[in-house]
file query22.pdb (PDB, C-alpha atoms)
MODEL        1
ATOM      1  CA  MET A   1      23.285   0.081 -20.014
ATOM      2  CA  THR A   2      26.223  -1.182 -17.959
ATOM      3  CA  ASN A   3      27.508   2.364 -17.458
ATOM      4  CA  ALA A   4      24.278   3.617 -15.952
ATOM      5  CA  ALA A   5      24.153   5.364 -12.603
ATOM      6  CA  ALA A   6      24.129   3.257  -9.444
ATOM      7  CA  GLY A   7      20.447   3.870  -8.734
ATOM      8  CA  HIS A   8      17.300   2.485 -10.268
ATOM      9  CA  VAL A   9      16.854   2.601 -14.038
ATOM     10  CA  HIS A  10      13.318   1.907 -15.237
ATOM     11  CA  ASP A  11      12.614   0.969 -18.871
ATOM     12  CA  ALA A  12       9.554  -0.267 -20.739
ATOM     13  CA  LEU A  13      10.438  -2.678 -23.534
ATOM     14  CA  VAL A  14       7.684  -2.402 -26.151
ATOM     15  CA  HIS A  15       7.584  -5.220 -28.701
ATOM     16  CA  GLN A  16       5.293  -6.543 -31.410
ATOM     17  CA  SER A  17       6.510 -10.146 -31.527
ATOM     18  CA  GLY A  18       8.806 -12.686 -29.948
ATOM     19  CA  ASP A  19      11.483 -11.822 -32.487
ATOM     20  CA  ASP A  20      11.209  -8.162 -31.471
ATOM     21  CA  LEU A  21      11.520  -9.122 -27.810
ATOM     22  CA  ALA A  22      14.649 -11.156 -28.423
ATOM     23  CA  ALA A  23      16.198  -8.501 -30.667
ATOM     24  CA  CYS A  24      15.617  -5.739 -28.105
ATOM     25  CA  ALA A  25      16.555  -7.550 -24.928
ATOM     26  CA  ALA A  26      19.255 -10.081 -25.783
ATOM     27  CA  PRO A  27      22.112  -7.669 -26.616
ATOM     28  CA  VAL A  28      21.748  -5.609 -23.448
ATOM     29  CA  LEU A  29      21.245  -8.659 -21.239
ATOM     30  CA  ARG A  30      24.380 -10.245 -22.697
ATOM     31  CA  ALA A  31      26.244  -7.033 -21.907
ATOM     32  CA  ALA A  32      24.871  -7.117 -18.361
ATOM     33  CA  LEU A  33      26.108 -10.668 -17.823
ATOM     34  CA  ALA A  34      29.501  -9.755 -19.267
ATOM     35  CA  ALA A  35      29.737  -6.874 -16.776
ATOM     36  CA  SER A  36      29.066  -9.145 -13.779
ATOM     37  CA  GLU A  37      25.485  -7.972 -13.425
ATOM     38  CA  ALA A  38      22.831 -10.446 -12.356
ATOM     39  CA  VAL A  39      20.001 -11.137 -14.809
ATOM     40  CA  VAL A  40      16.683 -12.129 -13.230
ATOM     41  CA  LEU A  41      13.604 -13.032 -15.283
ATOM     42  CA  SER A  42      10.195 -12.560 -13.658
ATOM     43  CA  CYS A  43       7.931 -12.644 -16.682
ATOM     44  CA  ALA A  44       5.380 -14.812 -18.462
ATOM     45  CA  GLU A  45       6.626 -18.290 -19.300
ATOM     46  CA  ALA A  46       6.513 -17.634 -23.065
ATOM     47  CA  SER A  47       8.635 -14.490 -22.682
ATOM     48  CA  ALA A  48      11.079 -16.283 -20.378
ATOM     49  CA  GLN A  49      11.517 -19.051 -22.950
ATOM     50  CA  ILE A  50      12.194 -16.524 -25.730
ATOM     51  CA  LEU A  51      14.788 -14.658 -23.672
ATOM     52  CA  THR A  52      16.432 -17.833 -22.377
ATOM     53  CA  ALA A  53      16.806 -19.152 -25.924
ATOM     54  CA  ALA A  54      18.126 -15.803 -27.154
ATOM     55  CA  LEU A  55      20.791 -15.899 -24.423
ATOM     56  CA  GLY A  56      21.778 -19.445 -25.283
ATOM     57  CA  GLY A  57      20.440 -20.879 -22.038
ATOM     58  CA  ASP A  58      23.125 -19.078 -20.025
ATOM     59  CA  PRO A  59      23.182 -20.778 -16.579
ATOM     60  CA  ARG A  60      23.756 -17.437 -14.851
ATOM     61  CA  ILE A  61      20.163 -16.370 -15.547
ATOM     62  CA  SER A  62      17.875 -16.551 -12.507
ATOM     63  CA  PHE A  63      14.121 -17.050 -12.573
ATOM     64  CA  VAL A  64      11.489 -15.765 -10.158
ATOM     65  CA  GLY A  65       7.831 -16.557 -10.745
ATOM     66  CA  ARG A  66       5.968 -13.308 -11.310
ATOM     67  CA  SER A  67       3.215 -14.366  -8.919
ATOM     68  CA  GLY A  68       5.956 -14.485  -6.296
ATOM     69  CA  VAL A  69       6.907 -10.877  -6.983
ATOM     70  CA  PHE A  70       3.667  -9.052  -7.691
ATOM     71  CA  ARG A  71       0.421  -9.314  -5.839
ATOM     72  CA  ARG A  72       0.447  -6.221  -3.682
ATOM     73  CA  ALA A  73       2.433  -3.134  -4.592
ATOM     74  CA  ALA A  74       4.136  -2.685  -1.210
ATOM     75  CA  ALA A  75       5.040  -6.373  -0.992
ATOM     76  CA  ALA A  76       6.287  -6.302  -4.598
ATOM     77  CA  ILE A  77       8.621  -3.403  -3.767
ATOM     78  CA  SER A  78       9.981  -5.400  -0.826
ATOM     79  CA  ALA A  79      10.433  -8.442  -3.091
ATOM     80  CA  CYS A  80      12.423  -6.404  -5.631
ATOM     81  CA  GLN A  81      14.602  -5.055  -2.844
ATOM     82  CA  ARG A  82      15.266  -8.583  -1.530
ATOM     83  CA  ILE A  83      16.148  -9.830  -5.011
ATOM     84  CA  ALA A  84      18.649  -6.992  -5.426
ATOM     85  CA  GLU A  85      20.172  -7.466  -1.981
ATOM     86  CA  GLN A  86      20.619 -11.221  -2.479
ATOM     87  CA  HIS A  87      22.442 -10.825  -5.793
ATOM     88  CA  LEU A  88      24.536  -7.885  -4.610
ATOM     89  CA  ALA A  89      25.599  -9.910  -1.576
ATOM     90  CA  ALA A  90      26.649 -12.688  -3.973
ATOM     91  CA  GLY A  91      28.932 -10.289  -5.849
ATOM     92  CA  ALA A  92      26.784  -8.784  -8.608
ATOM     93  CA  ARG A  93      27.418  -5.105  -9.277
ATOM     94  CA  ARG A  94      23.845  -4.528 -10.385
ATOM     95  CA  VAL A  95      20.654  -6.500 -11.096
ATOM     96  CA  ALA A  96      18.851  -6.497 -14.430
ATOM     97  CA  LEU A  97      15.301  -7.475 -13.504
ATOM     98  CA  VAL A  98      13.115  -8.324 -16.498
ATOM     99  CA  GLY A  99       9.484  -8.213 -15.427
ATOM    100  CA  GLU A 100       6.104  -8.606 -17.083
ATOM    101  CA  LEU A 101       2.935  -7.722 -15.214
ATOM    102  CA  ASP A 102      -0.299  -9.560 -15.901
ATOM    103  CA  PHE A 103      -2.783  -7.039 -17.334
ATOM    104  CA  THR A 104      -5.429  -9.604 -18.283
ATOM    105  CA  ALA A 105      -7.724  -8.834 -15.329
ATOM    106  CA  GLY A 106     -10.356  -6.096 -15.218
ATOM    107  CA  GLN A 107      -9.946  -2.351 -15.378
ATOM    108  CA  GLN A 108      -9.440  -1.918 -11.647
ATOM    109  CA  ASP A 109      -6.570  -4.407 -11.573
ATOM    110  CA  ARG A 110      -5.020  -2.809 -14.653
ATOM    111  CA  THR A 111      -4.987   0.528 -12.846
ATOM    112  CA  ARG A 112      -3.369  -1.066  -9.788
ATOM    113  CA  ARG A 113      -0.633  -2.629 -11.891
ATOM    114  CA  ALA A 114       0.052   0.572 -13.805
ATOM    115  CA  SER A 115       0.232   2.348 -10.458
ATOM    116  CA  PHE A 116       2.793  -0.185  -9.272
ATOM    117  CA  GLU A 117       5.060   0.855 -12.142
ATOM    118  CA  ALA A 118       4.898   4.479 -10.969
ATOM    119  CA  ILE A 119       5.474   3.454  -7.355
ATOM    120  CA  ALA A 120       8.520   1.377  -8.352
ATOM    121  CA  SER A 121      10.147   4.371 -10.044
ATOM    122  CA  ALA A 122      10.059   6.263  -6.751
ATOM    123  CA  ALA A 123      10.448   3.507  -4.172
ATOM    124  CA  LEU A 124      13.454   1.767  -5.789
ATOM    125  CA  VAL A 125      15.300   4.949  -6.701
ATOM    126  CA  SER A 126      18.377   4.173  -4.559
ATOM    127  CA  TYR A 127      18.681   0.503  -5.552
ATOM    128  CA  PRO A 128      21.127  -0.627  -8.271
ATOM    129  CA  ILE A 129      18.375  -2.283 -10.297
ATOM    130  CA  TRP A 130      17.763  -1.985 -14.012
ATOM    131  CA  SER A 131      14.077  -2.817 -14.408
ATOM    132  CA  VAL A 132      13.081  -3.874 -17.918
ATOM    133  CA  CYS A 133       9.293  -4.175 -18.090
ATOM    134  CA  ILE A 134       7.909  -6.092 -21.060
ATOM    135  CA  TYR A 135       4.875  -4.768 -22.960
ATOM    136  CA  GLY A 136       3.555  -6.618 -26.014
ATOM    137  CA  THR A 137       1.596  -4.381 -28.360
ATOM    138  CA  ARG A 138      -0.406  -7.298 -29.784
ATOM    139  CA  GLN A 139      -1.556  -8.552 -26.399
ATOM    140  CA  LEU A 140      -2.233  -5.376 -24.442
ATOM    141  CA  PRO A 141      -4.939  -2.723 -24.833
ATOM    142  CA  ARG A 142      -3.979   0.783 -25.866
ATOM    143  CA  GLU A 143      -4.662   2.236 -22.413
ATOM    144  CA  VAL A 144      -2.095  -0.101 -20.836
ATOM    145  CA  LEU A 145       0.541   0.830 -23.412
ATOM    146  CA  ALA A 146      -0.214   4.520 -22.880
ATOM    147  CA  ALA A 147       0.226   4.073 -19.112
ATOM    148  CA  ALA A 148       3.588   2.392 -19.727
ATOM    149  CA  GLU A 149       4.803   5.546 -21.458
ATOM    150  CA  ARG A 150       3.741   7.633 -18.461
ATOM    151  CA  THR A 151       5.277   5.370 -15.801
ATOM    152  CA  HIS A 152       8.665   4.555 -17.379
ATOM    153  CA  PRO A 153      11.351   7.222 -17.901
ATOM    154  CA  PHE A 154      12.819   5.229 -20.810
ATOM    155  CA  LEU A 155      11.349   3.228 -23.696
ATOM    156  CA  ILE A 156      13.110   0.421 -25.571
ATOM    157  CA  THR A 157      11.909  -0.470 -29.069
ATOM    158  CA  PRO A 158      13.620  -2.388 -31.879
ATOM    159  CA  ALA A 159      14.770   0.965 -33.243
ATOM    160  CA  SER A 160      16.197   2.649 -30.146
ATOM    161  CA  ARG A 161      16.234   3.334 -26.419
ATOM    162  CA  GLN A 162      15.045   6.827 -25.625
ATOM    163  CA  ARG A 163      13.430   8.964 -22.957
ATOM    164  CA  SER A 164       9.677   8.726 -22.826
ATOM    165  CA  PRO A 165       8.222  12.111 -23.792
ATOM    166  CA  ARG A 166       5.029  11.323 -21.843
ATOM    167  CA  TYR A 167       6.685  10.267 -18.573
ATOM    168  CA  LEU A 168       5.073  11.738 -15.453
ATOM    169  CA  ASP A 169       6.448  12.218 -11.977
ATOM    170  CA  PRO A 170       5.218   9.162 -10.005
ATOM    171  CA  ALA A 171       3.209  11.196  -7.479
ATOM    172  CA  ARG A 172       1.503  13.099 -10.283
ATOM    173  CA  PHE A 173       0.645   9.883 -12.129
ATOM    174  CA  LEU A 174      -0.826   8.361  -8.970
ATOM    175  CA  ARG A 175      -2.927  11.427  -8.239
ATOM    176  CA  GLN A 176      -4.397  11.238 -11.727
ATOM    177  CA  ALA A 177      -4.862   7.472 -11.889
ATOM    178  CA  ARG A 178      -5.660   6.488  -8.315
ATOM    179  CA  ARG A 179      -8.610   8.637  -7.363
ATOM    180  CA  SER A 180     -10.346   6.834  -4.534
ATOM    181  CA  ARG A 181     -13.904   5.820  -5.335
ATOM    182  CA  PRO A 182     -16.514   4.082  -3.184
ATOM    183  CA  ASP A 183     -16.636   0.330  -3.652
ATOM    184  CA  PRO A 184     -20.039  -1.061  -4.740
ATOM    185  CA  LEU A 185     -20.089  -2.978  -1.454
ATOM    186  CA  GLU A 186     -20.428   0.341   0.357
ATOM    187  CA  GLU A 187     -23.984   0.634  -0.955
ATOM    188  CA  THR A 188     -24.934  -2.349   1.205
ATOM    189  CA  ALA A 189     -25.282  -2.604   4.985
ATOM    190  CA  PRO A 190     -21.890  -2.816   6.706
ATOM    191  CA  VAL A 191     -21.032  -5.725   8.981
ATOM    192  CA  ILE A 192     -19.136  -3.301  11.212
ATOM    193  CA  ASP A 193     -20.057   0.327  11.893
ATOM    194  CA  VAL A 194     -18.198   1.835  14.854
ATOM    195  CA  THR A 195     -17.486   5.444  15.813
ATOM    196  CA  SER A 196     -14.240   6.338  17.605
ATOM    197  CA  PRO A 197     -13.514   2.819  18.900
ATOM    198  CA  ALA A 198     -11.917   2.931  22.342
ATOM    199  CA  ASP A 199     -10.986  -0.762  22.366
ATOM    200  CA  LEU A 200      -8.694  -1.546  19.416
ATOM    201  CA  ALA A 201      -8.261  -5.149  20.519
ATOM    202  CA  GLY A 202     -12.034  -5.522  20.495
ATOM    203  CA  LEU A 203     -12.243  -3.955  17.030
ATOM    204  CA  ARG A 204      -9.632  -6.408  15.733
ATOM    205  CA  ARG A 205     -11.711  -9.288  17.123
ATOM    206  CA  GLU A 206     -14.798  -7.890  15.368
ATOM    207  CA  VAL A 207     -12.996  -7.653  12.033
ATOM    208  CA  ARG A 208     -11.581 -11.158  12.409
ATOM    209  CA  ALA A 209     -15.018 -12.528  13.277
ATOM    210  CA  ALA A 210     -16.563 -10.791  10.259
ATOM    211  CA  LEU A 211     -14.118 -12.614   7.985
ATOM    212  CA  ALA A 212     -14.591 -15.990   9.683
ATOM    213  CA  GLY A 213     -16.591 -18.861   8.256
ATOM    214  CA  THR A 214     -15.239 -18.700   4.705
ATOM    215  CA  ALA A 215     -12.393 -20.309   2.765
ATOM    216  CA  ARG A 216     -10.093 -17.299   3.262
ATOM    217  CA  ARG A 217      -6.477 -18.121   4.033
ATOM    218  CA  PRO A 218      -5.370 -17.308   7.602
ATOM    219  CA  GLU A 219      -2.652 -14.969   6.306
ATOM    220  CA  THR A 220      -5.259 -13.041   4.285
ATOM    221  CA  VAL A 221      -7.400 -12.549   7.381
ATOM    222  CA  HIS A 222      -4.388 -11.589   9.500
ATOM    223  CA  GLY A 223      -3.189  -9.085   6.907
ATOM    224  CA  PHE A 224      -6.585  -7.393   6.595
ATOM    225  CA  VAL A 225      -6.999  -7.184  10.381
ATOM    226  CA  LEU A 226      -3.505  -5.693  10.664
ATOM    227  CA  ALA A 227      -4.205  -3.141   7.932
ATOM    228  CA  VAL A 228      -7.469  -2.023   9.545
ATOM    229  CA  SER A 229      -5.847  -1.777  12.967
ATOM    230  CA  GLU A 230      -2.941   0.341  11.729
ATOM    231  CA  VAL A 231      -5.135   2.728   9.737
ATOM    232  CA  VAL A 232      -7.555   3.166  12.632
ATOM    233  CA  THR A 233      -4.646   3.805  15.006
ATOM    234  CA  ASN A 234      -3.345   6.498  12.643
ATOM    235  CA  ALA A 235      -6.774   8.137  12.468
ATOM    236  CA  LEU A 236      -7.208   8.111  16.245
ATOM    237  CA  THR A 237      -3.665   9.438  16.788
ATOM    238  CA  HIS A 238      -3.309  11.993  14.008
ATOM    239  CA  GLY A 239      -6.842  12.708  12.791
ATOM    240  CA  ARG A 240      -9.707  14.675  14.279
ATOM    241  CA  PRO A 241     -12.718  12.981  15.871
ATOM    242  CA  PRO A 242     -15.069  11.456  15.316
ATOM    243  CA  VAL A 243     -13.412   8.482  13.613
ATOM    244  CA  ARG A 244     -15.887   6.207  11.860
ATOM    245  CA  VAL A 245     -14.943   2.637  10.922
ATOM    246  CA  ARG A 246     -17.138   0.623   8.585
ATOM    247  CA  ALA A 247     -16.491  -2.769   7.006
ATOM    248  CA  TRP A 248     -18.081  -5.025   4.406
ATOM    249  CA  THR A 249     -17.093  -8.533   3.398
ATOM    250  CA  THR A 250     -18.096 -11.110   0.793
ATOM    251  CA  ALA A 251     -16.591 -14.338  -0.490
ATOM    252  CA  SER A 252     -14.555 -12.375  -3.053
ATOM    253  CA  ARG A 253     -13.311  -9.319  -1.155
ATOM    254  CA  SER A 254     -13.342  -7.324   2.070
ATOM    255  CA  VAL A 255     -13.530  -3.533   2.291
ATOM    256  CA  CYS A 256     -13.051  -1.193   5.240
ATOM    257  CA  THR A 257     -13.317   2.600   5.321
ATOM    258  CA  VAL A 258     -11.813   4.712   8.100
ATOM    259  CA  ALA A 259     -12.999   8.325   8.095
ATOM    260  CA  ASP A 260     -12.048  11.250  10.333
ATOM    261  CA  HIS A 261     -12.124  15.055  10.090
ATOM    262  CA  GLY A 262      -8.384  15.679   9.990
ATOM    263  CA  ASP A 263      -6.153  16.667   7.088
ATOM    264  CA  GLY A 264      -4.883  13.136   6.427
ATOM    265  CA  PHE A 265      -1.855  12.589   4.195
ATOM    266  CA  ALA A 266      -1.391  14.203   0.804
ATOM    267  CA  ASP A 267       1.485  12.138  -0.612
ATOM    268  CA  PRO A 268       0.126   9.221  -2.723
ATOM    269  CA  LEU A 269       3.477   7.461  -2.204
ATOM    270  CA  ALA A 270       3.146   7.513   1.584
ATOM    271  CA  GLY A 271       3.630   4.072   3.104
ATOM    272  CA  TYR A 272       5.478   2.445   0.228
ATOM    273  CA  LEU A 273       8.785   2.691   2.096
ATOM    274  CA  PRO A 274       9.300   2.265   5.844
ATOM    275  CA  ALA A 275       9.785   5.391   7.896
ATOM    276  CA  ARG A 276      13.326   6.602   8.337
ATOM    277  CA  LEU A 277      15.233   4.878  11.141
ATOM    278  CA  ALA A 278      15.397   8.157  13.045
ATOM    279  CA  ASP A 279      11.598   8.348  13.087
ATOM    280  CA  ARG A 280      10.760   4.775  14.026
ATOM    281  CA  GLY A 281      10.757   5.387  17.750
ATOM    282  CA  ARG A 282       7.996   7.939  17.213
ATOM    283  CA  GLY A 283       5.948   5.751  14.875
ATOM    284  CA  GLY A 284       5.588   6.220  11.128
ATOM    285  CA  LEU A 285       5.493   2.564  10.154
ATOM    286  CA  GLY A 286       1.731   2.161  10.413
ATOM    287  CA  LEU A 287       0.775   2.910   6.816
ATOM    288  CA  TRP A 288       3.695   0.836   5.519
ATOM    289  CA  LEU A 289       2.546  -2.123   7.634
ATOM    290  CA  ALA A 290      -1.035  -1.613   6.462
ATOM    291  CA  ARG A 291       0.010  -1.658   2.799
ATOM    292  CA  GLN A 292       1.905  -4.904   3.385
ATOM    293  CA  GLY A 293      -1.221  -6.565   4.760
ATOM    294  CA  CYS A 294      -3.859  -5.774   2.142
ATOM    295  CA  ASP A 295      -4.264  -5.526  -1.619
ATOM    296  CA  ASP A 296      -5.037  -1.844  -1.901
ATOM    297  CA  ILE A 297      -5.247   1.351   0.137
ATOM    298  CA  THR A 298      -6.546   4.605  -1.320
ATOM    299  CA  ALA A 299      -7.531   7.870   0.326
ATOM    300  CA  GLU A 300      -9.771  10.808  -0.440
ATOM    301  CA  ARG A 301     -10.507  14.156   1.166
ATOM    302  CA  GLU A 302     -14.026  15.405   0.580
ATOM    303  CA  HIS A 303     -16.606  17.565   2.381
ATOM    304  CA  GLY A 304     -14.403  18.131   5.399
ATOM    305  CA  SER A 305     -13.507  14.506   6.029
ATOM    306  CA  PHE A 306     -10.578  12.254   5.154
ATOM    307  CA  THR A 307     -11.375   8.656   4.243
ATOM    308  CA  VAL A 308      -8.938   5.774   3.864
ATOM    309  CA  ARG A 309     -10.285   2.782   1.936
ATOM    310  CA  ILE A 310      -8.734  -0.665   2.546
ATOM    311  CA  VAL A 311      -9.435  -3.533   0.128
ATOM    312  CA  THR A 312      -8.392  -7.186   0.149
ATOM    313  CA  ARG A 313      -9.402  -9.641  -2.557
ATOM    314  CA  HIS A 314      -9.808 -13.305  -1.605
TER     315      HIS A 314
ENDMDL
END
call {"tool": "encode", "arguments": {"input": "query22.pdb", "output": "structure tokens"}}
result
Amino acid sequence: MTNAAAGHVHDALVHQSGDDLAACAAPVLRAALAASEAVVLSCAEASAQILTAALGGDPRISFVGRSGVFRRAAAAISACQRIAEQHLAAGARRVALVGELDFTAGQQDRTRRASFEAIASAALVSYPIWSVCIYGTRQLPREVLAAAERTHPFLITPASRQRSPRYLDPARFLRQARRSRPDPLEETAPVIDVTSPADLAGLRREVRAALAGTARRPETVHGFVLAVSEVVTNALTHGRPPVRVRAWTTASRSVCTVADHGDGFADPLAGYLPARLADRGRGGLGLWLARQGCDDITAEREHGSFTVRIVTRH
């Protein structure tokens, strides 16, 4: 792996046991260390212990808690970029990042995490990162393992490293997996229902007030308010009126839909990287900022309208 191209290399390491994991990963990670590449582990504690022991406790290994890397896809991409930049600045020629997502939550969270893998393939393409994503066949359901084959260009098993025959272009995978669906909360009365708001500052105050009075962290509230504000601004600027904003909130999550009659955006990867520097003076950062501030943003075009759905879990 040390002779790979300078850009992102994205592998799924599929194992049946701890011995398999060590046998697959240790040789290539030793080679990475020998080639002055940084090795960063951001995986479950049990996997980190197996790999650390297999590498003889090499002090050059770095550790990053996986909760510190993955919560929101856009923020996770930024975290991976920061990890790479820090180690490259310290003299590493490339970063081997061994990650392991937590797929123990419900179906919706599993889909979000699988989608992150597809997003990473596209968003990190220019970074000298070798991502090795751990998948245990005994712990994970078949649907998660199948998604790994579709989101990783390469598969590592005890027998070989080879191209995944089921790999899909990231945008295609996201279009298939991330179809936007109404949240059950949307069947209840909204706490906010505004058409073509003329006062964005007032709308932000309404959203903040709707989230007040609970145990939500201030940064969670701020992020959701920011996301709603940016999406509404985009709809008012680029969409076609009327623009309808509705919001629902409970102790466990907040949801906001922003609907207009414009064409919207078609690229499911939109907003996972900042706009090009040349475009920043004319905007283009709104969706990226919105994705940084909430847990999930999906969009759908149906019956002549375009709806963006913003979700934050508390």
call {"tool": "atom_distance", "arguments": {"input": "query22.pdb", "atom1": "CA of Ala38 (chain A)", "atom2": "CA of Val132 (chain A)"}}
result
13.0 Å
call {"tool": "resolve_selection", "arguments": {"input": "query22.pdb", "expression": "the PyMOL selection byres ((chain A and resi 39) around 6)", "output": "ChimeraX atom specification"}}
result
/A:38,40,61,95-96
call {"tool": "residues_around", "arguments": {"input": "query22.pdb", "residues": "region 187-203 of chain A", "least_positions_apart": "4", "cutoff": "7 Å", "atoms": "only C-alpha atoms", "output": "list in words"}}
result
Val207, Ala210, Pro242, Val243, Arg244, Val245, Arg246, Ala247 and Trp248 of chain A
call {"tool": "residues_around", "arguments": {"input": "query22.pdb", "residues": "region 20-24 of chain A", "least_positions_apart": "5", "cutoff": "9 Å", "atoms": "only C-alpha atoms", "output": "number ranges by chain"}}
result
A: 13-15, 47, 50-51, 53-55, 134, 136, 156-160
call {"tool": "residues_around", "arguments": {"input": "query22.pdb", "residues": "region 77-86 of chain A", "least_positions_apart": "5", "cutoff": "8 Å", "atoms": "all atoms listed in the file", "output": "PDB file with C-alpha atoms, in the coordinates of the input"}}
result
ATOM      1  CA  VAL A  69       6.907 -10.877  -6.983  1.00  0.00           C
ATOM      2  CA  ARG A  94      23.845  -4.528 -10.385  1.00  0.00           C
ATOM      3  CA  VAL A  95      20.654  -6.500 -11.096  1.00  0.00           C
ATOM      4  CA  ALA A 120       8.520   1.377  -8.352  1.00  0.00           C
ATOM      5  CA  ALA A 123      10.448   3.507  -4.172  1.00  0.00           C
ATOM      6  CA  LEU A 124      13.454   1.767  -5.789  1.00  0.00           C
ATOM      7  CA  TYR A 127      18.681   0.503  -5.552  1.00  0.00           C
ATOM      8  CA  PRO A 128      21.127  -0.627  -8.271  1.00  0.00           C
ATOM      9  CA  ILE A 129      18.375  -2.283 -10.297  1.00  0.00           C
ATOM     10  CA  TYR A 272       5.478   2.445   0.228  1.00  0.00           C
TER      11      TYR A 272
END
call {"tool": "resolve_selection", "arguments": {"input": "query22.pdb", "expression": "the PyMOL selection byres ((chain A and resi 154) around 9)", "output": "VMD selection string"}}
result
chain A and resid 9 to 13 149 152 to 153 155 to 156 161 to 165 167
call {"tool": "residues_around", "arguments": {"input": "query22.pdb", "residues": "Arg72 (chain A)", "least_positions_apart": "2", "cutoff": "8 Å", "atoms": "only C-alpha atoms", "output": "list of chain:residue names"}}
result
A:Phe70, A:Ala74, A:Ala75, A:Ala76, A:Arg291, A:Gln292, A:Cys294, A:Asp295, A:Asp296
call {"tool": "write_last_selection", "arguments": {"input": "query22.pdb", "atoms": "C-alpha atoms", "output": "JSON list (two decimals), in the coordinates of the input"}}
result
[["chain", "number", "residue", "atom", "x", "y", "z"],
["A", 70, "PHE", "CA", 3.67, -9.05, -7.69],
["A", 74, "ALA", "CA", 4.14, -2.68, -1.21],
["A", 75, "ALA", "CA", 5.04, -6.37, -0.99],
["A", 76, "ALA", "CA", 6.29, -6.30, -4.60],
["A", 291, "ARG", "CA", 0.01, -1.66, 2.80],
["A", 292, "GLN", "CA", 1.90, -4.90, 3.38],
["A", 294, "CYS", "CA", -3.86, -5.77, 2.14],
["A", 295, "ASP", "CA", -4.26, -5.53, -1.62],
["A", 296, "ASP", "CA", -5.04, -1.84, -1.90]]
call {"tool": "closest_residue", "arguments": {"input": "query22.pdb", "among": "A:Arg178, A:Arg60, A:His238, A:Arg208", "to": "Leu226 (chain A)", "atoms": "all atoms listed in the file"}}
result
A:Arg208
call {"tool": "closest_residue", "arguments": {"input": "query22.pdb", "among": "A:Phe173, A:Trp130, A:Phe63, A:Phe306", "to": "Ala118 (chain A)", "atoms": "only C-alpha atoms"}}
result
A:Phe173
call {"tool": "closest_residue", "arguments": {"input": "query22.pdb", "among": "A:Gly57, A:Gly99, A:Gly293, A:Gly264", "to": "Ser42 (chain A)", "atoms": "all atoms listed in the file"}}
result
A:Gly99
call {"tool": "atom_distance", "arguments": {"input": "query22.pdb", "atom1": "CA of Leu140 (chain A)", "atom2": "CA of Ile310 (chain A)"}}
result
28.2 Å
call {"tool": "resolve_selection", "arguments": {"input": "query22.pdb", "expression": "the PyMOL selection byres ((chain A and resi 35) around 12)", "output": "ChimeraX atom specification"}}
result
/A:1-4,28-34,36-39,91-96
call {"tool": "write_last_selection", "arguments": {"input": "query22.pdb", "atoms": "C-alpha atoms", "output": "compact mmCIF listing (two decimals), keeping the file's coordinate frame"}}
result
# COMPACT_ATOMS: atom_id res chain seq x y z
CA MET A 1 23.28 0.08 -20.01
CA THR A 2 26.22 -1.18 -17.96
CA ASN A 3 27.51 2.36 -17.46
CA ALA A 4 24.28 3.62 -15.95
CA VAL A 28 21.75 -5.61 -23.45
CA LEU A 29 21.24 -8.66 -21.24
CA ARG A 30 24.38 -10.24 -22.70
CA ALA A 31 26.24 -7.03 -21.91
CA ALA A 32 24.87 -7.12 -18.36
CA LEU A 33 26.11 -10.67 -17.82
CA ALA A 34 29.50 -9.76 -19.27
CA SER A 36 29.07 -9.14 -13.78
CA GLU A 37 25.48 -7.97 -13.42
CA ALA A 38 22.83 -10.45 -12.36
CA VAL A 39 20.00 -11.14 -14.81
CA GLY A 91 28.93 -10.29 -5.85
CA ALA A 92 26.78 -8.78 -8.61
CA ARG A 93 27.42 -5.11 -9.28
CA ARG A 94 23.84 -4.53 -10.38
CA VAL A 95 20.65 -6.50 -11.10
CA ALA A 96 18.85 -6.50 -14.43
